[in-house]
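Engineer: Compact mmCIF, C-alpha atoms, file start-v3.txt:
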# COMPACT_ATOMS: atom_id res chain seq x y z
CA MET A 1 20.70 -1.87 -7.17
CA ALA A 2 17.52 0.04 -7.81
CA HIS A 3 17.43 2.77 -10.43
CA PRO A 4 16.08 6.19 -9.41
CA SER A 5 12.37 6.30 -8.60
CA GLN A 6 12.09 2.54 -9.02
CA LEU A 7 8.89 1.09 -7.55
CA GLY A 8 9.04 -2.65 -8.26
CA PHE A 9 11.55 -5.39 -7.56
CA GLN A 10 15.07 -5.40 -8.99
CA ASP A 11 15.73 -7.90 -11.76
CA ALA A 12 16.27 -11.35 -10.34
CA ALA A 13 19.81 -12.65 -10.12
CA SER A 14 18.89 -16.05 -8.69
CA PRO A 15 16.26 -18.67 -9.59
CA VAL A 16 14.44 -18.27 -6.28
CA MET A 17 14.11 -14.52 -6.77
CA GLU A 18 12.68 -15.16 -10.23
CA GLU A 19 10.01 -17.38 -8.70
CA LEU A 20 9.26 -14.75 -6.07
CA LEU A 21 8.94 -12.07 -8.75
CA HIS A 22 6.43 -14.07 -10.76
CA PHE A 23 4.45 -15.00 -7.66
CA HIS A 24 4.32 -11.37 -6.66
CA ASP A 25 2.99 -10.46 -10.10
CA HIS A 26 0.32 -13.13 -9.76
CA ALA A 27 -0.76 -12.12 -6.24
CA LEU A 28 -0.70 -8.41 -7.03
CA MET A 29 -2.89 -8.93 -10.07
CA ILE A 30 -5.45 -10.68 -7.86
CA VAL A 31 -5.22 -7.83 -5.36
CA PHE A 32 -5.76 -5.23 -8.10
CA LEU A 33 -8.75 -7.14 -9.44
CA ILE A 34 -10.39 -7.33 -6.02
CA SER A 35 -9.65 -3.68 -5.22
CA THR A 36 -11.02 -2.45 -8.53
CA PHE A 37 -14.15 -4.50 -8.05
CA VAL A 38 -14.69 -3.22 -4.51
CA LEU A 39 -14.03 0.37 -5.57
CA TYR A 40 -16.59 0.02 -8.34
CA ILE A 41 -19.16 -1.35 -5.89
CA ILE A 42 -18.50 1.51 -3.46
CA VAL A 43 -18.90 4.16 -6.17
CA ALA A 44 -22.06 2.48 -7.40
CA MET A 45 -23.54 2.38 -3.90
CA VAL A 46 -22.68 5.97 -3.14
CA THR A 47 -23.97 7.49 -6.39
CA THR A 48 -27.26 5.64 -6.77
CA ASN A 49 -30.66 7.20 -6.23
CA LEU A 50 -32.39 3.85 -5.88
CA THR A 51 -33.41 2.48 -2.49
CA ASN A 52 -34.58 -0.93 -1.42
CA LYS A 53 -35.46 -1.71 2.15
CA PHE A 54 -37.04 -5.10 1.70
CA ILE A 55 -34.33 -7.57 0.73
CA LEU A 56 -34.05 -10.20 3.42
CA ASP A 57 -31.79 -12.90 1.99
CA SER A 58 -30.40 -14.43 -1.16
CA GLN A 59 -28.94 -17.90 -1.23
CA GLU A 60 -27.35 -17.58 -4.66
CA ILE A 61 -25.16 -14.59 -3.92
CA GLU A 62 -24.21 -15.96 -0.52
CA ILE A 63 -22.92 -19.11 -2.19
CA ILE A 64 -20.97 -17.08 -4.74
CA TRP A 65 -19.33 -14.76 -2.26
CA THR A 66 -18.32 -17.67 -0.08
CA LEU A 67 -16.95 -19.94 -2.79
CA LEU A 68 -15.19 -17.31 -4.86
CA PRO A 69 -12.94 -16.00 -2.06
CA ALA A 70 -12.12 -19.58 -1.09
CA VAL A 71 -11.09 -20.31 -4.67
CA ILE A 72 -9.03 -17.12 -4.86
CA LEU A 73 -7.25 -18.00 -1.63
CA ILE A 74 -6.41 -21.44 -2.97
CA LEU A 75 -5.08 -19.84 -6.15
CA ILE A 76 -2.77 -17.73 -4.01
CA ALA A 77 -1.79 -20.41 -1.52
CA LEU A 78 -0.70 -23.08 -4.00
CA PRO A 79 2.08 -21.10 -5.74
CA SER A 80 3.09 -19.63 -2.40
CA LEU A 81 3.57 -23.00 -0.73
CA ARG A 82 5.33 -24.27 -3.83
CA ILE A 83 7.97 -21.58 -3.52
CA LEU A 84 8.22 -22.08 0.23
CA TYR A 85 9.11 -25.72 -0.21
CA LEU A 86 11.33 -24.94 -3.19
CA MET A 87 13.44 -22.70 -0.97
CA ASP A 88 13.87 -25.48 1.58
CA GLU A 89 15.03 -28.12 -0.87
CA ILE A 90 18.23 -29.95 -0.02
CA ASN A 91 20.88 -28.55 -2.34
CA ASN A 92 24.54 -29.32 -2.58
CA PRO A 93 26.48 -26.13 -2.00
CA HIS A 94 29.83 -25.75 -3.71
CA LEU A 95 30.96 -23.19 -1.20
CA THR A 96 30.14 -22.10 2.33
CA ILE A 97 30.65 -18.49 3.36
CA LYS A 98 30.13 -17.10 6.83
CA ALA A 99 28.82 -13.54 7.01
CA MET A 100 29.19 -12.01 10.46
CA GLY A 101 27.50 -8.78 11.39
CA HIS A 102 29.29 -6.24 13.55
CA GLN A 103 28.56 -2.70 14.58
CA TRP A 104 28.86 -1.41 11.86
CA TYR A 105 30.36 -3.59 9.12
CA TRP A 106 30.17 -7.13 7.79
CA SER A 107 32.97 -9.65 7.85
CA TYR A 108 33.17 -12.65 5.54
CA GLU A 109 34.95 -15.94 6.17
CA TYR A 110 35.75 -18.47 3.45
CA THR A 111 37.06 -21.42 5.44
CA ASP A 112 36.30 -24.41 3.19
CA TYR A 113 39.85 -24.83 1.94
CA GLU A 114 41.99 -22.11 3.44
CA ASP A 115 41.40 -19.58 6.18
CA LEU A 116 40.26 -16.48 4.37
CA GLY A 117 38.57 -13.73 6.32
CA PHE A 118 38.16 -10.01 5.76
CA ASP A 119 36.05 -7.06 6.81
CA SER A 120 33.72 -5.18 4.52
CA TYR A 121 33.28 -1.53 5.45
CA MET A 122 31.13 1.02 3.65
CA ILE A 123 33.04 3.62 1.61
CA PHE A 124 32.31 7.10 2.97
CA THR A 125 30.59 9.60 0.71
CA GLN A 126 33.59 11.91 0.56
CA ASP A 127 35.88 9.01 -0.44
CA LEU A 128 33.81 7.79 -3.37
CA THR A 129 35.44 7.69 -6.79
CA PRO A 130 33.23 9.31 -9.47
CA GLY A 131 30.40 6.99 -10.43
CA GLN A 132 30.32 4.91 -7.28
CA PHE A 133 27.01 4.59 -5.51
CA ARG A 134 26.56 6.57 -2.30
CA LEU A 135 25.94 4.45 0.84
CA LEU A 136 26.17 1.22 -1.17
CA GLU A 137 29.82 0.64 -2.01
CA VAL A 138 32.19 -1.29 0.22
CA ASP A 139 35.94 -1.65 0.30
CA HIS A 140 35.98 -5.48 0.05
CA ARG A 141 33.13 -7.20 -1.74
CA MET A 142 31.97 -10.72 -1.06
CA VAL A 143 33.05 -12.49 -4.24
CA VAL A 144 31.28 -15.71 -5.20
CA PRO A 145 31.52 -18.02 -8.20
CA MET A 146 28.49 -17.62 -10.45
CA GLU A 147 26.03 -20.44 -11.23
CA SER A 148 27.14 -22.33 -8.11
CA PRO A 149 24.97 -23.07 -5.09
CA ILE A 150 26.38 -21.10 -2.18
CA ARG A 151 25.60 -21.74 1.46
CA ALA A 152 25.65 -18.58 3.56
CA LEU A 153 25.91 -18.92 7.33
CA ILE A 154 24.83 -15.69 8.93
CA SER A 155 25.54 -14.63 12.48
CA ALA A 156 26.47 -11.56 14.48
CA GLU A 157 29.15 -10.61 16.93
CA ASP A 158 27.27 -8.02 18.95
CA VAL A 159 23.66 -7.02 18.23
CA LEU A 160 21.02 -8.12 15.74
CA HIS A 161 21.74 -7.42 12.10
CA SER A 162 20.22 -8.83 8.93
CA TRP A 163 22.01 -9.87 5.75
CA ALA A 164 19.91 -8.98 2.76
CA VAL A 165 20.52 -8.87 -0.99
CA PRO A 166 17.22 -8.18 -2.79
CA SER A 167 18.24 -9.20 -6.30
CA LEU A 168 19.34 -12.62 -5.00
CA GLY A 169 16.13 -12.97 -3.01
CA VAL A 170 18.04 -13.42 0.23
CA LYS A 171 17.37 -12.02 3.67
CA MET A 172 18.49 -13.71 6.86
CA ASP A 173 18.70 -12.28 10.35
CA ALA A 174 22.12 -12.18 11.96
CA VAL A 175 21.51 -13.19 15.57
CA PRO A 176 24.38 -13.17 18.08
CA GLY A 177 24.99 -16.67 19.38
CA ARG A 178 23.00 -18.27 16.54
CA LEU A 179 23.95 -19.59 13.14
CA ASN A 180 21.33 -19.03 10.46
CA GLN A 181 21.70 -20.77 7.12
CA THR A 182 20.50 -19.65 3.74
CA ALA A 183 21.46 -20.57 0.22
CA PHE A 184 21.47 -18.92 -3.16
CA ILE A 185 22.68 -19.35 -6.71
CA ALA A 186 23.85 -16.30 -8.67
CA SER A 187 22.49 -17.14 -12.11
CA ARG A 188 24.34 -14.31 -13.88
CA PRO A 189 27.61 -12.47 -13.25
CA GLY A 190 27.34 -9.04 -11.77
CA ILE A 191 27.49 -6.91 -8.66
CA PHE A 192 24.49 -7.13 -6.34
CA TYR A 193 23.87 -4.64 -3.57
CA GLY A 194 21.99 -4.92 -0.32
CA GLN A 195 21.74 -3.16 3.03
CA CYS A 196 21.60 -4.23 6.66
CA SER A 197 17.98 -5.00 7.43
CA GLU A 198 17.75 -5.04 11.21
CA ILE A 199 18.17 -1.92 13.30
CA CYS A 200 21.53 -2.14 14.99
CA GLY A 201 22.48 1.29 16.23
CA ALA A 202 23.67 4.62 14.92
CA ASN A 203 25.16 3.40 11.64
CA HIS A 204 22.59 0.78 10.75
CA SER A 205 22.02 2.53 7.41
CA PHE A 206 25.72 2.57 6.66
CA MET A 207 26.78 -1.09 6.58
CA PRO A 208 25.86 -2.33 3.11
CA ILE A 209 26.40 -5.74 1.56
CA VAL A 210 27.92 -6.20 -1.90
CA VAL A 211 28.05 -9.60 -3.58
CA GLU A 212 30.17 -9.92 -6.72
CA ALA A 213 29.39 -12.98 -8.83
CA VAL A 214 32.19 -13.91 -11.23
CA PRO A 215 33.22 -16.97 -13.27
CA LEU A 216 35.00 -19.62 -11.21
CA VAL A 217 38.41 -18.81 -12.67
CA HIS A 218 38.17 -15.21 -11.51
CA PHE A 219 36.93 -16.33 -8.11
CA GLU A 220 39.98 -18.55 -7.72
CA ASN A 221 42.30 -15.70 -8.70
CA TRP A 222 40.60 -13.35 -6.30
CA SER A 223 40.76 -15.73 -3.37
CA SER A 224 44.46 -16.40 -4.01
CA LEU A 225 45.14 -12.66 -4.04
CA MET A 226 43.15 -12.11 -0.85
CA LEU A 227 45.03 -14.89 0.90
CA GLU A 228 48.34 -13.34 -0.08
CA ASP A 229 47.30 -9.95 1.24
CA ALA A 230 46.12 -11.35 4.54
CA MET B 1 -53.62 10.69 32.27
CA LEU B 2 -50.48 10.04 30.40
CA ALA B 3 -52.55 8.76 27.50
CA THR B 4 -54.55 12.00 27.35
CA ARG B 5 -51.36 14.05 27.33
CA ALA B 6 -49.87 11.94 24.59
CA LEU B 7 -53.09 12.12 22.61
CA SER B 8 -53.30 15.90 22.76
CA LEU B 9 -49.71 16.14 21.42
CA ILE B 10 -50.31 14.05 18.38
CA GLY B 11 -53.80 15.16 17.49
CA LYS B 12 -56.88 13.15 16.80
CA ARG B 13 -55.64 11.88 13.41
CA ALA B 14 -53.01 9.69 14.97
CA ILE B 15 -55.21 8.01 17.58
CA SER B 16 -54.86 4.77 15.67
CA THR B 17 -51.15 4.61 16.61
CA SER B 18 -52.48 3.25 19.82
CA VAL B 19 -51.44 4.37 23.20
CA CYS B 20 -50.40 0.94 24.36
CA VAL B 21 -47.61 0.88 21.79
CA ARG B 22 -46.00 3.73 23.55
CA GLY B 23 -45.18 4.50 27.14
CA GLY B 24 -45.00 2.17 30.08
CA HIS B 25 -48.74 1.88 30.42
CA GLY B 26 -48.71 4.86 32.67
CA VAL B 27 -45.57 3.79 34.53
CA ALA B 28 -42.67 5.18 32.46
CA LYS B 29 -42.46 8.77 31.37
CA VAL B 30 -43.14 9.25 27.67
CA GLU B 31 -40.10 10.93 26.13
CA ASP B 32 -40.13 13.30 23.17
CA TYR B 33 -38.17 11.05 20.89
CA ALA B 34 -40.56 8.16 21.44
CA LEU B 35 -43.51 10.07 20.02
CA PRO B 36 -44.32 10.12 16.32
CA ALA B 37 -42.52 12.96 14.58
CA TYR B 38 -42.48 14.49 11.14
CA PHE B 39 -39.60 13.75 8.72
CA ASP B 40 -38.72 14.29 5.06
CA ARG B 41 -37.04 11.11 3.71
CA ARG B 42 -36.75 9.89 0.15
CA ASP B 43 -36.87 6.23 1.13
CA ASN B 44 -39.71 6.67 3.66
CA PRO B 45 -42.28 8.70 1.76
CA LEU B 46 -45.11 8.72 4.35
CA PRO B 47 -44.22 10.40 7.66
CA ASP B 48 -46.02 9.38 10.84
CA VAL B 49 -47.74 12.75 11.29
CA SER B 50 -48.74 15.74 9.20
CA TYR B 51 -46.41 18.66 9.03
CA VAL B 52 -48.96 21.25 10.14
CA GLN B 53 -50.66 20.18 13.33
CA ASN B 54 -52.61 23.29 14.25
CA LEU B 55 -54.64 24.31 11.25
CA SER B 56 -55.62 27.94 10.79
CA ALA B 57 -59.25 28.73 10.07
CA GLU B 58 -58.52 28.98 6.35
CA GLN B 59 -56.75 25.63 6.38
CA LYS B 60 -59.63 24.05 8.30
CA SER B 61 -62.14 25.20 5.70
CA LEU B 62 -59.83 23.86 2.98
CA LYS B 63 -59.80 20.50 4.71
CA GLU B 64 -63.59 20.50 4.67
CA LYS B 65 -63.56 21.29 0.94
CA GLU B 66 -61.17 18.35 0.45
CA LYS B 67 -63.90 16.01 1.60
CA GLY B 68 -65.85 16.85 -1.54
CA SER B 69 -64.86 16.28 -5.16
CA TRP B 70 -61.19 16.91 -5.78
CA VAL B 71 -61.87 18.14 -9.30
CA ALA B 72 -63.37 21.21 -7.69
CA LEU B 73 -60.06 22.14 -6.08
CA SER B 74 -57.87 24.67 -7.83
CA ASN B 75 -54.15 24.10 -8.28
CA GLU B 76 -53.26 26.52 -5.49
CA GLU B 77 -55.64 24.72 -3.15
CA LYS B 78 -54.10 21.37 -4.00
CA ILE B 79 -50.68 22.78 -3.32
CA ALA B 80 -51.89 24.30 -0.02
CA LEU B 81 -53.26 20.90 1.01
CA TYR B 82 -49.91 19.29 0.11
CA ARG B 83 -48.05 21.83 2.20
CA ILE B 84 -50.30 21.08 5.19
CA SER B 85 -49.25 17.42 5.08
CA PHE B 86 -45.64 17.80 3.94
CA LYS B 87 -42.82 20.25 4.62
CA GLN B 88 -40.61 19.64 1.55
CA SER B 89 -41.47 18.17 -1.82
CA PHE B 90 -39.32 15.36 -3.17
CA ALA B 91 -37.57 17.79 -5.47
CA GLU B 92 -36.73 20.06 -2.56
CA MET B 93 -35.53 17.34 -0.21
CA ASN B 94 -33.34 15.70 -2.88
CA GLN B 95 -31.63 18.81 -4.18
CA GLY B 96 -27.90 19.00 -3.70
CA SER B 97 -26.13 21.87 -2.04
CA GLY B 98 -23.00 23.72 -3.15
CA GLU B 99 -21.12 22.46 -0.13
CA TRP B 100 -18.74 20.35 -2.17
CA LYS B 101 -17.24 23.48 -3.69
CA SER B 102 -16.23 24.75 -0.24
CA VAL B 103 -14.77 21.37 0.64
CA VAL B 104 -12.70 21.11 -2.54
CA GLY B 105 -11.60 24.73 -2.15
CA GLY B 106 -10.50 24.03 1.41
CA ILE B 107 -8.55 20.96 0.28
CA PHE B 108 -6.67 22.91 -2.39
CA PHE B 109 -5.97 25.73 0.02
CA PHE B 110 -4.38 23.46 2.58
CA ILE B 111 -2.40 21.58 -0.04
CA GLY B 112 -1.07 24.91 -1.24
CA PHE B 113 -0.23 25.95 2.29
CA THR B 114 1.64 22.69 2.80
CA GLY B 115 3.60 23.41 -0.37
CA LEU B 116 4.63 26.76 1.04
CA VAL B 117 5.76 25.11 4.26
CA VAL B 118 7.82 22.60 2.30
CA LEU B 119 9.49 25.37 0.25
CA TRP B 120 10.33 27.27 3.40
CA GLN B 121 11.83 24.13 4.96
CA ARG B 122 14.02 23.46 1.92
CA LYS B 123 15.39 26.99 2.05
CA TYR B 124 15.81 27.57 5.78
CA VAL B 125 16.03 24.17 7.49
CA TYR B 126 17.75 21.56 5.34
CA GLY B 127 21.49 21.56 4.65
CA PRO B 128 23.08 21.02 1.23
CA VAL B 129 22.60 17.67 -0.56
CA PRO B 130 25.64 15.36 -0.94
CA HIS B 131 27.98 15.92 -3.88
CA THR B 132 26.71 12.72 -5.49
CA PHE B 133 23.60 14.60 -6.62
CA GLU B 134 25.50 16.87 -8.97
CA GLU B 135 24.63 16.49 -12.65
CA GLU B 136 28.14 15.38 -13.61
CA TYR B 137 28.31 12.76 -10.87
CA LYS B 138 24.87 11.43 -11.73
CA GLU B 139 25.93 10.96 -15.35
CA LYS B 140 28.93 8.92 -14.26
CA GLU B 141 26.72 6.88 -11.96
CA LEU B 142 24.25 6.11 -14.75
CA GLN B 143 27.07 5.18 -17.10
CA ARG B 144 28.47 2.83 -14.48
CA MET B 145 25.06 1.23 -14.01
CA LEU B 146 24.86 0.59 -17.74
CA ASP B 147 28.43 -0.75 -17.86
CA MET B 148 27.60 -3.13 -15.01
CA ARG B 149 24.46 -4.26 -16.82
CA MET B 150 22.23 -3.46 -13.81
CA GLY B 151 18.68 -4.67 -14.44
CA PRO B 152 19.45 -6.40 -17.76
CA VAL B 153 16.15 -8.28 -18.03
CA GLN B 154 13.37 -5.75 -17.58
CA GLY B 155 14.94 -3.04 -15.49
CA PHE B 156 17.43 -0.32 -16.17
CA SER B 157 19.88 -1.70 -18.73
CA ALA B 158 17.13 -3.51 -20.61
CA HIS B 159 16.03 -0.12 -21.96
CA TRP B 160 19.47 0.87 -23.30
CA ASP B 161 20.48 0.07 -26.85
CA TYR B 162 24.13 -0.92 -26.48
CA GLU B 163 24.72 -1.04 -30.26
CA ASN B 164 23.57 2.47 -30.99
CA LYS B 165 24.44 3.93 -27.58
CA GLN B 166 21.02 5.40 -26.91
CA TRP B 167 17.86 4.61 -25.05
CA LYS B 168 15.60 2.14 -26.82
CA LYS B 169 12.55 3.72 -28.40
Step by step, read the file and then write its structure as structure tokens.
Structural biologist:
Amino acid sequence: MAHPSQLGFQDAASPVMEELLHFHDHALMIVFLISTFVLYIIVAMVTTNLTNKFILDSQEIEIIWTLLPAVILILIALPSLRILYLMDEINNPHLTIKAMGHQWYWSYEYTDYEDLGFDSYMIFTQDLTPGQFRLLEVDHRMVVPMESPIRALISAEDVLHSWAVPSLGVKMDAVPGRLNQTAFIASRPGIFYGQCSEICGANHSFMPIVVEAVPLVHFENWSSLMLEDA
Amino acid sequence: MLATRALSLIGKRAISTSVCVRGGHGVAKVEDYALPAYFDRRDNPLPDVSYVQNLSAEQKSLKEKEKGSWVALSNEEKIALYRISFKQSFAEMNQGSGEWKSVVGGIFFFIGFTGLVVLWQRKYVYGPVPHTFEEEYKEKELQRMLDMRMGPVQGFSAHWDYENKQWKK
């Protein structure tokens, strides 16, 4: 989750998010350079006492301010397209999890081997134990094995929702009647928070997503326990 | 007839700005804005017409004196001749005003007023904040974030020294 007054991205918990972070740094640096340059030009124009009414044309500067933006755009486009195609690579998921959006909770189904399904409701503010995060904690987290490619199939049972976990670099709309696929790898163990990202009614802000990445052994124990309970 | 009217407005000096440049050759009415006018501009130093069109007797005699040697003119006469042709000197037309002080003052005033509105809102409109904002609760939250290693790379936990249990310097 974000720490208080955080402005930038959360630390990446998946390789794709790492790539996105670095690309964002790259593109933002270009944006800052251009903005600073333009701001300088504006200040210079506004504060000068010099006038010149007789410039008609200049081939040299026209060439520069045509070529330079083209070069800058290529410098942005190449890393961007690289990441785009990286995200679409065929991977070999170890696990497939279905995340279904409801008004107003998520439900997760692990049906590769057994039939495991459970609902994930937000914990109300008054029921929080000391130290838990307001509006982010859920009663049943989506537990995944770490360092394994996971396929997430996202859909919805009623209205549009969106399944998003920023530190994993994942956001996928949950459309009723449609199955959307996304994939991620949790590169480190931990608990990663996200919130529903498509307006879905009164409690749209109160149906968070919590992914818990644990070593495979712990994942197996957890899934056995959940199956017993169910 | 139109030409005569136009001519009398601009005076004999400006006859060279010929009549055929202006007006529809006696068809269209000649508007005010289409006639040469006086202006003070830094980037256009020579206005189309003199500032003073109707010279007083004194000014007329000065103009006659101008036709002779300029060394014979005193400083006051030179200045009087300048003021016939021009309204403001470059120094006068370029001087700044104190308007920016009023603008900045107005900005600060309204920012201050907005602050007062916000304070009033916090006291009389908004309800109490959730219990998770209490100091004690926040401490537990922060401790939990550190225990969970949130942001271990560059973010939150990266700035905590786990050995010495303090923030990194």
Engineer: Which residue out of A:Ala77, A:Leu153, A:Leu128, A:Ala44 has the minimum interatomic distance to Pro93 (chain A) when all atoms listed in the file are used?
Structural biologist: A:Leu153
Engineer: Edge lengths and centre in Å to one decimal, as lines of an AutoDock Vina configuration file, of the axis-aligned box that encloses all listed atoms of region 61-76 of chain B with 8 Å added on every side?
Structural biologist:
center_x = -59.6
center_y = 21.3
center_z = -1.8
size_x = 28.6
size_y = 26.5
size_z = 31.0
Engineer: Return as number ranges by chain the residues belonging to chain A that are within 10 Å of chain B, counting all atoms listed in the file.
Structural biologist: A: 1-4, 6, 8-13, 49-53, 125-126, 128-134, 167, 189-192
Engineer: How about saving the chosen residues, C-alpha atoms kept, as a compact mmCIF listing (two decimals), in the coordinates of the input?
Structural biologist:
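File written: out-v2.txt
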# COMPACT_ATOMS: atom_id res chain seq x y z
CA MET A 1 20.70 -1.87 -7.17
CA ALA A 2 17.52 0.04 -7.81
CA HIS A 3 17.43 2.77 -10.43
CA PRO A 4 16.08 6.19 -9.41
CA GLN A 6 12.09 2.54 -9.02
CA GLY A 8 9.04 -2.65 -8.26
CA PHE A 9 11.55 -5.39 -7.56
CA GLN A 10 15.07 -5.40 -8.99
CA ASP A 11 15.73 -7.90 -11.76
CA ALA A 12 16.27 -11.35 -10.34
CA ALA A 13 19.81 -12.65 -10.12
CA ASN A 49 -30.66 7.20 -6.23
CA LEU A 50 -32.39 3.85 -5.88
CA THR A 51 -33.41 2.48 -2.49
CA ASN A 52 -34.58 -0.93 -1.42
CA LYS A 53 -35.46 -1.71 2.15
CA THR A 125 30.59 9.60 0.71
CA GLN A 126 33.59 11.91 0.56
CA LEU A 128 33.81 7.79 -3.37
CA THR A 129 35.44 7.69 -6.79
CA PRO A 130 33.23 9.31 -9.47
CA GLY A 131 30.40 6.99 -10.43
CA GLN A 132 30.32 4.91 -7.28
CA PHE A 133 27.01 4.59 -5.51
CA ARG A 134 26.56 6.57 -2.30
CA SER A 167 18.24 -9.20 -6.30
CA PRO A 189 27.61 -12.47 -13.25
CA GLY A 190 27.34 -9.04 -11.77
CA ILE A 191 27.49 -6.91 -8.66
CA PHE A 192 24.49 -7.13 -6.34
Engineer: Just give me the residues with any atom within 6 Å of (40.1, -17.5, 1.5), file coordinates, counting all atoms listed in the file, written as a list of chain:residue names.
Structural biologist: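 Checked against the point, the hits come out as A:Tyr110, A:Glu114, A:Asp115, A:Leu116, A:Ser223, A:Leu227.
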Engineer: Could you tell me how far CA of Pro69 (chain A) lies from CA of Ile34 (chain A), in Å and to one decimal?
Structural biologist: 9.9 Å
Engineer: Suppose you want the space between CA of Leu179 (chain A) and CA of Val210 (chain A); what is it in Å?
Structural biologist: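 Interatomic distance here is 20.5 Å.
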Engineer: Measuring atom to atom with only C-alpha atoms, identify which of A:Glu62, A:Asp139, A:Asp57, A:Glu157 is nearest to Met100 (chain A).
Structural biologist: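 Answer, going by the shortest atom-to-atom distance: A:Glu157.
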Engineer: Which residue out of A:Gly201, A:Phe23, A:Ile185, A:Met226 has the minimum interatomic distance to Glu109 (chain A) when all atoms listed in the file are used?
Structural biologist: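 Counting all atoms listed in the file, the residue closest to Glu109 (chain A) is A:Met226.
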Engineer: Separation of CA of Pro79 (chain A) and CA of His26 (chain A), in Å?
Structural biologist: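 Value for the CA of Pro79 (chain A)-CA of His26 (chain A) distance: 9.1 Å.
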Engineer: Can you tell me, as an NGL selection string, what residues are no more than 8 Å from Val214 (chain A) when counting all atoms listed in the file, ignoring any on the same chain fewer than 3 positions away?
Structural biologist: :A and (143-146 or 189-190 or 218-219)
Engineer: Please save C-alpha atoms of the selected residues as a PDB file, in the coordinates of the input.
Structural biologist:
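So the final result, stored in part_6.pdb, reads:
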ATOM      1  CA  VAL A 143      33.050 -12.490  -4.240  1.00  0.00           C
ATOM      2  CA  VAL A 144      31.280 -15.710  -5.200  1.00  0.00           C
ATOM      3  CA  PRO A 145      31.520 -18.020  -8.200  1.00  0.00           C
ATOM      4  CA  MET A 146      28.490 -17.620 -10.450  1.00  0.00           C
ATOM      5  CA  PRO A 189      27.610 -12.470 -13.250  1.00  0.00           C
ATOM      6  CA  GLY A 190      27.340  -9.040 -11.770  1.00  0.00           C
ATOM      7  CA  HIS A 218      38.170 -15.210 -11.510  1.00  0.00           C
ATOM      8  CA  PHE A 219      36.930 -16.330  -8.110  1.00  0.00           C
TER       9      PHE A 219
END
Engineer: Would you kindly return, as a list in words, each protein, DNA or RNA residue with an atom no farther than 8 Å from any atom of Arg178 (chain A), considering all atoms listed in the file and excluding same-chain residues fewer than 3 positions away?
Structural biologist: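 Surrounding residues, per the criterion: Ser155, Ala156, Ala174 and Val175 of chain A.
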Engineer: Grab the residues selected above and save them as a PDB file, in the coordinates of the input with C-alpha atoms.
Structural biologist:
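Saved as out12.pdb:
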ATOM      1  CA  SER A 155      25.540 -14.630  12.480  1.00  0.00           C
ATOM      2  CA  ALA A 156      26.470 -11.560  14.480  1.00  0.00           C
ATOM      3  CA  ALA A 174      22.120 -12.180  11.960  1.00  0.00           C
ATOM      4  CA  VAL A 175      21.510 -13.190  15.570  1.00  0.00           C
TER       5      VAL A 175
END
Engineer: Pick out the closest residue to Asp40 (chain B) from this set: B:Val129, B:Ile79, B:Ile111, B:Met93. Count all atoms listed in the file.
Structural biologist: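 Of all the options, B:Met93 lies closest to Asp40 (chain B).
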Engineer: Using all atoms listed in the file, can you tell me which of B:Tyr126, B:Arg83, B:Lys101, B:Trp120 comes closest to Gln53 (chain B)?
Structural biologist: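 Going through B:Tyr126, B:Arg83, B:Lys101, B:Trp120 one by one, the smallest distance to Gln53 (chain B) is for B:Arg83.
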Engineer: Which polymer residues have any atom within 9 Å of an atom of Ala152 (chain A), counting all atoms listed in the file, with same-chain residues fewer than 5 positions away left out, as a PDB file with C-alpha atoms, in the coordinates of the input?
Structural biologist:
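Now in part.pdb:
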ATOM      1  CA  LEU A  95      30.960 -23.190  -1.200  1.00  0.00           C
ATOM      2  CA  THR A  96      30.140 -22.100   2.330  1.00  0.00           C
ATOM      3  CA  ILE A  97      30.650 -18.490   3.360  1.00  0.00           C
ATOM      4  CA  LYS A  98      30.130 -17.100   6.830  1.00  0.00           C
ATOM      5  CA  ALA A  99      28.820 -13.540   7.010  1.00  0.00           C
ATOM      6  CA  ASN A 180      21.330 -19.030  10.460  1.00  0.00           C
ATOM      7  CA  GLN A 181      21.700 -20.770   7.120  1.00  0.00           C
ATOM      8  CA  THR A 182      20.500 -19.650   3.740  1.00  0.00           C
ATOM      9  CA  ALA A 183      21.460 -20.570   0.220  1.00  0.00           C
ATOM     10  CA  PHE A 184      21.470 -18.920  -3.160  1.00  0.00           C
TER      11      PHE A 184
END
Engineer: Just want the 8 Å neighbourhood of Pro166 (chain A), counted on only C-alpha atoms, with same-chain residues fewer than 2 positions away dropped. Output as number ranges by chain.
Structural biologist: A: 9-10, 164, 168-171, 193-194
